[in-house]
>>> print(open('query-v9.cif').read())   # mmCIF, C-alpha atoms
data_entry
loop_
_atom_site.label_atom_id
_atom_site.label_comp_id
_atom_site.auth_asym_id
_atom_site.auth_seq_id
_atom_site.Cartn_x
_atom_site.Cartn_y
_atom_site.Cartn_z
CA MET A 103 44.47 41.05 78.88
CA ASN A 104 45.75 41.16 82.43
CA GLN A 105 46.58 44.83 82.19
CA LEU A 106 43.18 45.56 80.73
CA GLN A 107 41.62 43.80 83.69
CA GLN A 108 43.75 45.84 86.08
CA LEU A 109 42.67 49.05 84.41
CA GLY A 110 39.03 48.03 84.68
CA SER A 111 39.36 47.01 88.29
CA SER A 112 41.04 50.29 89.23
CA GLY A 113 38.28 52.17 87.41
CA ILE A 114 35.59 50.27 89.30
CA ASN A 115 37.50 50.85 92.55
CA PHE A 116 37.73 54.56 91.84
CA CYS A 117 34.01 54.89 91.16
CA GLY A 118 33.22 52.77 94.20
CA ASN A 119 35.38 54.93 96.45
CA LEU A 120 33.85 58.09 95.04
CA GLY A 121 30.32 56.80 95.70
CA LEU A 122 31.24 55.53 99.15
CA SER A 123 32.79 58.86 100.12
CA GLY A 124 29.71 60.69 98.86
CA LEU A 125 27.39 58.47 100.90
CA PHE A 126 29.74 58.89 103.87
CA LEU A 127 29.56 62.67 103.55
CA PHE A 128 25.76 62.53 103.33
CA ARG A 129 25.57 60.38 106.45
CA THR A 130 27.97 62.71 108.28
CA ILE A 131 26.04 65.86 107.49
CA PHE A 132 22.61 64.39 108.13
CA SER A 133 23.56 62.23 111.11
CA ARG A 134 21.08 62.85 113.89
CA VAL A 135 23.35 64.80 116.20
CA LYS A 136 22.33 64.86 119.84
CA TRP A 137 23.59 68.36 120.44
CA ARG A 138 23.54 68.24 124.23
CA GLN A 139 25.87 65.26 124.23
CA ALA A 140 27.80 66.23 121.12
CA TRP A 141 28.65 69.79 122.19
CA PRO A 142 31.61 68.86 124.47
CA LEU A 143 32.92 66.49 121.78
CA PHE A 144 32.63 69.26 119.22
CA SER A 145 34.40 71.85 121.34
CA SER A 146 37.25 69.50 122.21
CA GLN A 147 37.67 68.72 118.50
CA LEU A 148 37.64 72.43 117.69
CA TYR A 149 40.39 72.83 120.26
CA LYS A 150 42.48 70.06 118.72
CA VAL A 151 41.90 71.08 115.10
CA GLY A 152 41.80 74.85 115.46
CA VAL A 153 43.61 76.12 118.53
CA LEU A 154 46.50 73.68 118.28
CA SER A 155 47.01 74.58 114.59
CA LEU A 156 47.21 78.23 115.52
CA VAL A 157 50.97 78.35 116.15
CA ILE A 158 52.05 76.99 112.78
CA ILE A 159 49.43 79.07 110.92
CA LEU A 160 50.38 82.33 112.63
CA LEU A 161 54.13 81.80 112.28
CA SER A 162 53.95 80.93 108.59
CA GLY A 163 51.55 83.83 107.99
CA LEU A 164 54.01 86.22 109.58
CA PHE A 165 56.93 84.99 107.49
CA ILE A 166 54.93 84.89 104.25
CA GLY A 167 53.73 88.46 104.76
CA MET A 168 57.29 89.58 105.47
CA VAL A 169 58.76 87.87 102.42
CA VAL A 170 56.03 89.17 100.11
CA ALA A 171 56.75 92.68 101.37
CA LEU A 172 60.48 92.27 100.76
CA GLN A 173 60.07 90.82 97.27
CA GLY A 174 57.37 93.27 96.31
CA PHE A 175 59.36 96.25 97.52
CA ASN A 176 62.38 95.32 95.41
CA THR A 177 60.23 94.88 92.30
CA LEU A 178 58.06 97.97 92.84
CA ARG A 179 61.12 100.14 93.40
CA LYS A 180 62.09 99.68 89.74
CA PHE A 181 58.88 101.49 88.79
CA ALA A 182 59.15 104.00 91.63
CA ALA A 183 55.87 102.63 92.96
CA GLU A 184 56.83 101.64 96.52
CA GLN A 185 53.66 103.36 97.74
CA GLU A 186 51.62 100.52 96.25
CA LEU A 187 53.25 97.95 98.53
CA GLY A 188 50.24 97.73 100.85
CA GLN A 189 47.96 97.01 97.93
CA LEU A 190 50.29 94.29 96.62
CA ILE A 191 50.58 92.55 99.99
CA ALA A 192 46.89 92.75 100.85
CA LEU A 193 45.62 91.56 97.47
CA SER A 194 48.05 88.66 97.11
CA VAL A 195 47.53 87.51 100.68
CA VAL A 196 43.77 87.94 100.95
CA ARG A 197 42.95 86.51 97.53
CA GLU A 198 45.41 83.65 97.15
CA LEU A 199 48.13 83.02 99.69
CA GLY A 200 45.94 83.21 102.79
CA PRO A 201 43.32 80.61 101.89
CA VAL A 202 45.66 78.28 99.98
CA VAL A 203 48.69 78.20 102.27
CA ALA A 204 46.53 78.02 105.38
CA ALA A 205 44.64 75.10 103.78
CA LEU A 206 47.85 73.25 102.87
CA LEU A 207 49.18 73.70 106.40
CA PHE A 208 45.81 72.66 107.81
CA ALA A 209 45.87 69.48 105.68
CA GLY A 210 49.34 68.64 106.97
CA ARG A 211 48.72 69.56 110.58
CA ALA A 212 45.08 68.70 111.31
CA GLY A 213 43.97 66.49 108.41
CA SER A 214 46.70 63.91 108.89
CA ALA A 215 46.04 63.83 112.65
CA LEU A 216 42.32 63.22 112.06
CA THR A 217 43.07 60.35 109.67
CA ALA A 218 45.60 58.72 111.97
CA GLU A 219 43.24 58.97 114.96
CA LEU A 220 40.27 57.48 113.13
CA GLY A 221 42.48 54.83 111.51
CA LEU A 222 43.76 53.72 114.88
CA MET A 223 40.19 53.64 116.23
CA ARG A 224 39.28 51.39 113.29
CA ALA A 225 42.37 49.18 113.80
CA THR A 226 41.76 48.73 117.51
CA GLN A 227 38.07 48.05 116.80
CA GLN A 228 36.82 50.99 118.86
CA LEU A 229 34.42 51.92 116.08
CA GLY A 230 33.04 48.39 115.99
CA GLY A 231 32.73 48.45 119.78
CA MET A 232 30.64 51.62 119.61
CA GLU A 233 28.31 50.02 117.10
CA MET A 234 27.95 47.01 119.42
CA MET A 235 26.82 49.39 122.18
CA ALA A 236 24.26 50.91 119.79
CA VAL A 237 26.21 54.19 119.66
CA ASP A 238 26.39 55.47 116.13
CA PRO A 239 30.06 56.35 115.46
CA MET A 240 28.79 58.77 112.84
CA TRP A 241 27.59 61.36 115.34
CA ARG A 242 29.84 60.29 118.21
CA VAL A 243 33.16 60.37 116.32
CA VAL A 244 32.87 61.57 112.74
CA ALA A 245 30.40 64.47 112.80
CA PRO A 246 32.14 66.51 115.56
CA ARG A 247 35.46 66.24 113.72
CA PHE A 248 33.89 67.22 110.41
CA TRP A 249 32.07 70.29 111.74
CA ALA A 250 35.07 71.36 113.81
CA GLY A 251 37.31 71.27 110.74
CA LEU A 252 34.75 73.13 108.66
CA ILE A 253 34.50 75.95 111.22
CA ALA A 254 38.17 76.11 112.14
CA MET A 255 39.47 76.50 108.59
CA PRO A 256 37.99 79.96 107.77
CA ILE A 257 38.98 81.30 111.19
CA LEU A 258 42.54 80.09 110.66
CA ALA A 259 42.62 81.62 107.17
CA ILE A 260 41.36 84.98 108.52
CA LEU A 261 44.02 84.98 111.22
CA PHE A 262 46.64 84.03 108.63
CA ASN A 263 45.60 87.04 106.53
CA VAL A 264 45.72 89.40 109.50
CA VAL A 265 49.14 88.24 110.65
CA ALA A 266 50.55 88.27 107.11
CA ILE A 267 49.41 91.87 106.57
CA ILE A 268 50.85 92.90 109.92
CA GLY A 269 54.13 91.18 109.01
CA GLY A 270 54.15 92.95 105.65
CA HIS A 271 53.48 96.26 107.41
CA PHE A 272 56.36 95.56 109.77
CA VAL A 273 58.84 94.94 106.94
CA GLY A 274 57.49 97.53 104.52
CA VAL A 275 56.87 100.45 106.85
CA ASP A 276 59.14 99.95 109.84
CA TRP A 277 62.10 98.48 108.02
CA LEU A 278 62.07 99.58 104.38
CA GLY A 279 60.54 103.00 105.04
CA VAL A 280 57.32 103.01 102.99
CA ASP A 281 54.98 105.77 104.17
CA ASP A 282 52.50 104.47 106.74
CA GLY A 283 49.50 106.46 105.49
CA ALA A 284 50.12 105.56 101.85
CA PHE A 285 50.47 101.90 102.82
CA TRP A 286 47.00 101.71 104.42
CA SER A 287 45.13 104.08 102.11
CA ASN A 288 46.36 102.43 98.91
CA MET A 289 45.41 99.10 100.42
CA GLN A 290 41.91 100.31 101.31
CA ASP A 291 41.49 101.75 97.83
CA ALA A 292 42.35 98.48 96.13
CA VAL A 293 40.80 95.85 98.40
CA GLY A 294 37.05 95.39 98.26
CA PHE A 295 35.25 93.72 101.15
CA HIS A 296 32.94 91.62 99.02
CA GLU A 297 35.08 90.78 96.01
CA ASP A 298 38.34 90.12 97.84
CA ILE A 299 37.86 89.35 101.51
CA LEU A 300 34.52 87.51 101.41
CA ASN A 301 35.62 85.53 98.36
CA GLY A 302 38.80 84.52 100.19
CA ILE A 303 36.72 83.33 103.13
CA ILE A 304 34.40 81.38 100.82
CA LYS A 305 37.49 79.73 99.34
CA SER A 306 38.80 78.74 102.75
CA LEU A 307 35.37 77.39 103.72
CA VAL A 308 35.38 75.15 100.63
CA PHE A 309 38.94 74.03 101.37
CA GLY A 310 38.06 73.22 104.98
CA PHE A 311 35.08 71.19 103.76
CA VAL A 312 37.20 69.20 101.29
CA ILE A 313 40.13 68.61 103.65
CA THR A 314 38.04 67.35 106.54
CA TRP A 315 35.91 65.25 104.22
CA VAL A 316 38.97 63.55 102.72
CA SER A 317 40.73 63.03 106.03
CA VAL A 318 37.72 61.70 107.92
CA TYR A 319 36.79 59.38 105.05
CA GLN A 320 40.35 58.06 104.66
CA GLY A 321 40.62 57.42 108.39
CA PHE A 322 37.20 55.81 108.72
CA TYR A 323 37.76 53.36 105.86
CA SER A 324 41.49 52.74 106.33
CA GLU A 325 42.80 49.17 106.40
CA PRO A 326 42.82 48.11 110.05
CA ASN A 327 46.58 47.64 110.44
CA ALA A 328 49.70 49.76 110.87
CA ALA A 329 50.56 49.86 107.17
CA GLY A 330 46.96 50.78 106.32
CA ILE A 331 47.01 53.72 108.73
CA SER A 332 50.25 55.07 107.28
CA LYS A 333 48.88 54.65 103.75
CA ALA A 334 45.66 56.45 104.68
CA THR A 335 47.55 59.33 106.29
CA THR A 336 49.75 59.77 103.23
CA ARG A 337 46.71 59.68 100.98
CA THR A 338 44.98 62.32 103.08
CA VAL A 339 47.82 64.78 102.72
CA VAL A 340 48.36 64.09 99.00
CA PHE A 341 44.69 64.10 97.99
CA SER A 342 43.70 67.12 100.04
CA SER A 343 46.70 69.18 98.87
CA LEU A 344 45.94 68.35 95.24
CA LEU A 345 42.23 69.04 95.69
CA VAL A 346 42.96 72.37 97.37
CA LEU A 347 45.18 73.54 94.52
CA ALA A 348 42.81 72.34 91.81
CA LEU A 349 39.73 73.77 93.51
CA ASP A 350 41.59 77.03 94.02
CA PHE A 351 41.92 77.38 90.27
CA VAL A 352 38.26 76.53 89.69
CA LEU A 353 37.01 78.90 92.40
CA THR A 354 39.28 81.72 91.27
CA SER A 355 38.09 81.43 87.68
CA LEU A 356 34.47 81.42 88.88
CA MET A 357 35.06 84.49 91.05
CA MET A 358 37.02 86.40 88.41
CA GLY A 359 34.18 85.69 85.99
CA GLY A 360 32.03 87.96 88.12
CA TRP A 361 30.29 85.26 90.07
CA MET B 46 37.22 71.69 135.28
CA ARG B 47 39.63 70.93 132.47
CA ASN B 48 36.73 70.66 130.06
CA LYS B 49 35.57 74.15 131.05
CA MET B 50 39.05 75.56 130.50
CA LEU B 51 39.09 73.96 127.07
CA GLU B 52 35.74 75.50 126.16
CA VAL B 53 36.99 78.91 127.27
CA ILE B 54 40.01 78.57 125.02
CA VAL B 55 37.81 77.52 122.09
CA GLY B 56 35.55 80.51 122.74
CA LEU B 57 38.57 82.81 122.75
CA PHE B 58 39.72 81.26 119.46
CA MET B 59 36.38 82.02 117.83
CA ILE B 60 36.32 85.59 119.19
CA VAL B 61 39.85 86.22 117.93
CA GLY B 62 38.76 84.91 114.52
CA PHE B 63 35.83 87.34 114.50
CA LEU B 64 38.09 90.23 115.50
CA GLY B 65 40.41 89.26 112.65
CA LEU B 66 37.46 89.47 110.25
CA LEU B 67 36.64 92.95 111.59
CA PHE B 68 40.28 94.00 111.08
CA LEU B 69 40.18 92.76 107.49
CA ALA B 70 36.87 94.50 106.85
CA PHE B 71 37.61 97.92 108.27
CA LYS B 72 41.38 98.33 108.20
CA VAL B 73 42.27 96.40 105.05
CA SER B 74 39.28 96.87 102.75
CA GLY B 75 38.21 100.23 104.18
CA LEU B 76 34.59 99.15 104.53
CA THR B 77 32.37 101.93 105.81
CA LEU B 78 28.93 101.46 107.26
CA SER B 79 27.35 104.15 105.12
CA ARG B 80 23.89 103.36 103.85
CA GLN B 81 22.79 103.71 100.26
CA SER B 82 20.50 106.60 101.21
CA ASP B 83 23.51 108.74 102.10
CA ASN B 84 24.15 109.21 98.39
CA TYR B 85 22.33 110.85 95.50
CA GLN B 86 22.77 109.86 91.88
CA ILE B 87 23.80 112.14 89.04
CA SER B 88 24.77 111.19 85.51
CA ALA B 89 26.92 112.54 82.68
CA ASP B 90 27.36 111.57 79.02
CA PHE B 91 30.90 111.31 77.67
CA ASP B 92 32.16 110.83 74.12
CA ASP B 93 34.90 108.54 75.37
CA ILE B 94 35.50 107.33 78.90
CA GLY B 95 38.90 105.73 78.26
CA SER B 96 39.36 102.97 80.84
CA LEU B 97 37.10 104.39 83.55
CA LYS B 98 35.86 101.63 85.84
CA ILE B 99 32.91 101.19 88.18
CA ARG B 100 33.84 102.30 91.75
CA ALA B 101 36.30 104.89 90.42
CA PRO B 102 36.33 108.02 92.58
CA VAL B 103 34.47 111.24 91.73
CA GLU B 104 36.49 114.24 92.87
CA VAL B 105 36.02 117.97 93.27
CA SER B 106 39.35 119.81 93.61
CA GLY B 107 41.00 116.50 94.46
CA VAL B 108 38.59 115.66 97.30
CA THR B 109 36.65 112.43 96.80
CA VAL B 110 32.92 113.21 96.97
CA GLY B 111 31.52 110.00 95.52
CA ARG B 112 32.01 106.97 93.32
CA VAL B 113 31.06 105.83 89.84
CA SER B 114 28.22 103.37 90.36
CA ASN B 115 27.42 102.30 86.80
CA ILE B 116 28.54 102.81 83.21
CA VAL B 117 26.16 102.13 80.30
CA LEU B 118 26.14 102.89 76.59
CA ASP B 119 23.28 105.15 75.53
CA SER B 120 21.71 103.23 72.65
CA GLU B 121 20.54 106.36 70.75
CA SER B 122 23.48 108.73 70.87
CA PHE B 123 26.16 106.02 71.33
CA ARG B 124 27.76 108.00 74.11
CA ALA B 125 28.89 106.52 77.40
CA ARG B 126 26.55 107.37 80.28
CA VAL B 127 28.39 107.43 83.61
CA ILE B 128 26.17 107.25 86.70
CA MET B 129 27.75 108.54 89.88
CA ASP B 130 26.81 108.26 93.56
CA VAL B 131 27.67 111.50 95.30
CA ASN B 132 27.61 111.86 99.07
CA LYS B 133 24.66 113.90 100.42
CA LYS B 134 27.11 116.06 102.36
CA TYR B 135 28.09 117.69 99.07
CA ASN B 136 24.63 118.78 97.94
CA ASN B 137 25.57 122.27 96.73
CA ILE B 138 27.49 121.46 93.52
CA PRO B 139 26.27 124.00 90.89
CA VAL B 140 24.15 122.81 87.95
CA ASP B 141 26.55 124.13 85.31
CA SER B 142 29.52 122.18 86.68
CA SER B 143 31.54 120.30 84.11
CA ALA B 144 32.82 116.72 84.36
CA SER B 145 36.12 115.47 82.95
CA ILE B 146 37.96 112.18 83.07
CA PHE B 147 41.57 112.33 84.21
CA THR B 148 44.27 109.80 85.01
CA GLN B 149 46.05 109.53 88.36
CA GLY B 150 49.77 109.68 87.59
CA ILE B 151 51.19 108.01 84.51
CA LEU B 152 50.12 104.44 85.19
CA GLY B 153 47.25 105.23 87.55
CA SER B 154 43.57 104.53 87.13
CA ASN B 155 41.01 106.97 85.71
CA TYR B 156 38.69 109.12 87.80
CA VAL B 157 35.96 111.69 87.21
CA ALA B 158 36.75 115.28 88.19
CA LEU B 159 33.91 117.79 88.62
CA SER B 160 34.82 121.46 88.24
CA PRO B 161 32.15 123.64 89.84
CA GLY B 162 30.32 126.27 87.80
CA TYR B 163 28.63 129.48 88.91
CA GLU B 164 24.84 128.86 88.79
CA PRO B 165 23.00 129.33 92.10
CA ASP B 166 20.99 126.10 91.54
CA SER B 167 22.71 122.90 92.65
CA LEU B 168 22.69 119.35 91.28
CA LYS B 169 19.91 117.11 92.61
CA ALA B 170 19.27 113.37 92.46
CA GLY B 171 18.75 112.34 88.85
CA SER B 172 20.13 115.51 87.29
CA LYS B 173 22.58 115.36 84.44
CA ILE B 174 25.83 117.20 83.87
CA GLU B 175 25.75 118.75 80.38
CA THR B 176 29.36 119.88 79.91
CA THR B 177 31.74 116.97 79.71
CA HIS B 178 35.32 116.47 78.57
CA SER B 179 36.36 113.02 77.38
CA ALA B 180 39.31 111.07 78.62
CA LEU B 181 42.58 111.82 76.89
CA ILE B 182 43.62 108.75 74.93
CA LEU B 183 47.35 108.55 74.37
CA GLU B 184 47.04 107.18 70.82
CA ASN B 185 44.70 110.01 69.79
CA LEU B 186 47.09 112.57 71.26
CA ILE B 187 50.04 111.12 69.35
CA GLY B 188 47.92 111.03 66.18
CA GLN B 189 46.96 114.69 66.60
CA LEU B 190 50.58 115.61 67.31
CA LEU B 191 51.81 113.86 64.16
CA PHE B 192 49.04 115.48 62.13
CA SER B 193 49.86 118.96 63.43
CA LEU B 194 53.59 118.44 62.83
CA LYS B 195 52.84 117.40 59.27
CA SER B 196 50.55 120.36 58.59
CA ASP B 197 53.17 122.69 60.08
CA LYS B 198 55.67 121.33 57.55
CA ASP B 199 53.19 121.86 54.72
CA LYS B 200 52.66 125.43 55.90
CA ASP B 201 56.42 125.98 55.91
CA LYS B 202 56.68 124.67 52.37
CA GLU B 203 53.76 126.62 50.94
CA PRO B 204 55.14 130.12 51.53
CA GLU B 205 58.41 129.07 49.79
CA LYS B 206 56.48 127.96 46.72
CA THR B 207 54.43 131.12 46.58
CA SER B 208 57.39 133.31 47.33
CA THR B 209 59.58 131.95 44.49
CA PRO B 210 57.54 133.29 41.55
CA ALA B 211 57.36 136.68 43.23
CA GLN B 212 61.09 137.09 43.19
#
>>> encode(input="query-v9.cif", output="structure tokens")
Amino acid sequence: MNQLQQLGSSGINFCGNLGLSGLFLFRTIFSRVKWRQAWPLFSSQLYKVGVLSLVIILLSGLFIGMVVALQGFNTLRKFAAEQELGQLIALSVVRELGPVVAALLFAGRAGSALTAELGLMRATQQLGGMEMMAVDPMWRVVAPRFWAGLIAMPILAILFNVVAIIGGHFVGVDWLGVDDGAFWSNMQDAVGFHEDILNGIIKSLVFGFVITWVSVYQGFYSEPNAAGISKATTRTVVFSSLLVLALDFVLTSLMMGGW
Amino acid sequence: MRNKMLEVIVGLFMIVGFLGLLFLAFKVSGLTLSRQSDNYQISADFDDIGSLKIRAPVEVSGVTVGRVSNIVLDSESFRARVIMDVNKKYNNIPVDSSASIFTQGILGSNYVALSPGYEPDSLKAGSKIETTHSALILENLIGQLLFSLKSDKDKDKEPEKTSTPAQ
């Protein structure tokens, strides 16, 4: 009986959280933003979320491109198809690795920071203080972070793709001796702008949306104490990583189905 | 002052992102800014197109002159109609040219090869190539090979049979 009650209560909690996060998202998107005042807030958030994530994104992109080139070269050599290395690197990076790995890194680097910041604001009653001064924390605190994350994510994924392809070119052409012209022309033959690159950017846009939504929500409604903040941060990373991987499957199947 | 610096850095970040998109578009996917009107459409009916795909190249003597834009099944003759976009630069391909489907390498993809004819008139938008050669399907080839081997054997046997009573 007790266990049944627990199951029911967790079900009700789950639905409640889902509804609350949906309402929260609605209020974030449609909060009446005073752009003149919000612009500096937005740009400073874009700096924190985007520019400061740049180092980890670029470094991991470089190494991932290099390792894909190395692995691909050793496999393609068995079929005497080293010329196709550019195609292999570009397609795997632009379609899958770029958006997904950049999103996972973004969740770890920027999402957790957003949650911890908002959680501490909640714990030290800064959010309540803003409400007392008739300043809506929705547009003052939440909306700039949300929009900054949404815009930063595709840019970071694009830069990840670029750096990974350059890293792959470095290993494949300069080190392993694949022909430079064949590398680029096979890549251009195989990669389509709309079906590969734009779809990858759409993926990263969706991931950015989900990650910032989860992290801002978890921070805003975290328990106002130290343990609550740590729990919320953990949840942000776990939930957003899982959501990114699951949504990646859904989006890929939609896109492969000729959407 | 510090705020201005920060905004400059954010602006640079966004510009670098845009440049990255341009790199992906032009260097990686080979996007070209050619308009639709730079092409004219011709079509050809094949008995069998093998695994020809949309966007496969159309080549004359190995030079890409266009791309396959659509493949449909003609509902009356049950032949595959391949519609090709050919660049306007190559507007003097003779009317009696023939189209064949070949494969690039052993594992490569299929493409359409046009071999020019001798007529003075050239192909125009909407015109149709009459002479076509289907794709070579490996299974058919093996089947024909086996069949010809078998009939060769029969031929070898037959003269023996006819020659024995003569002796």
>>> closest_residue(input="query-v9.cif", among="B:Ser154, B:Ser88, B:Leu194, B:Thr148", to="chain A", atoms="only C-alpha atoms")
B:Ser154
>>> closest_residue(input="query-v9.cif", among="B:Phe91, B:Met59, B:Val157, B:Ile146", to="Ser114 in chain B", atoms="only C-alpha atoms")
B:Val157
>>> resolve_selection(input="query-v9.cif", expression="the PyMOL selection byres ((chain A) within 6 of (chain B))", output="list in words")
Tyr149, Ile257, Leu261, Gln290, Val293, Gly294 and Phe295 of chain A
>>> residues_near_point(input="query-v9.cif", point="(45.3, 59.9, 105.5)", cutoff="8 Å", atoms="only C-alpha atoms", output="number ranges by chain")
A: 213-214, 216-218, 316-317, 320-321, 331-339
>>> closest_residue(input="query-v9.cif", among="B:Ala170, B:Arg126, B:Val103, B:Ser96", to="Leu183 in chain B", atoms="only C-alpha atoms")
B:Ser96
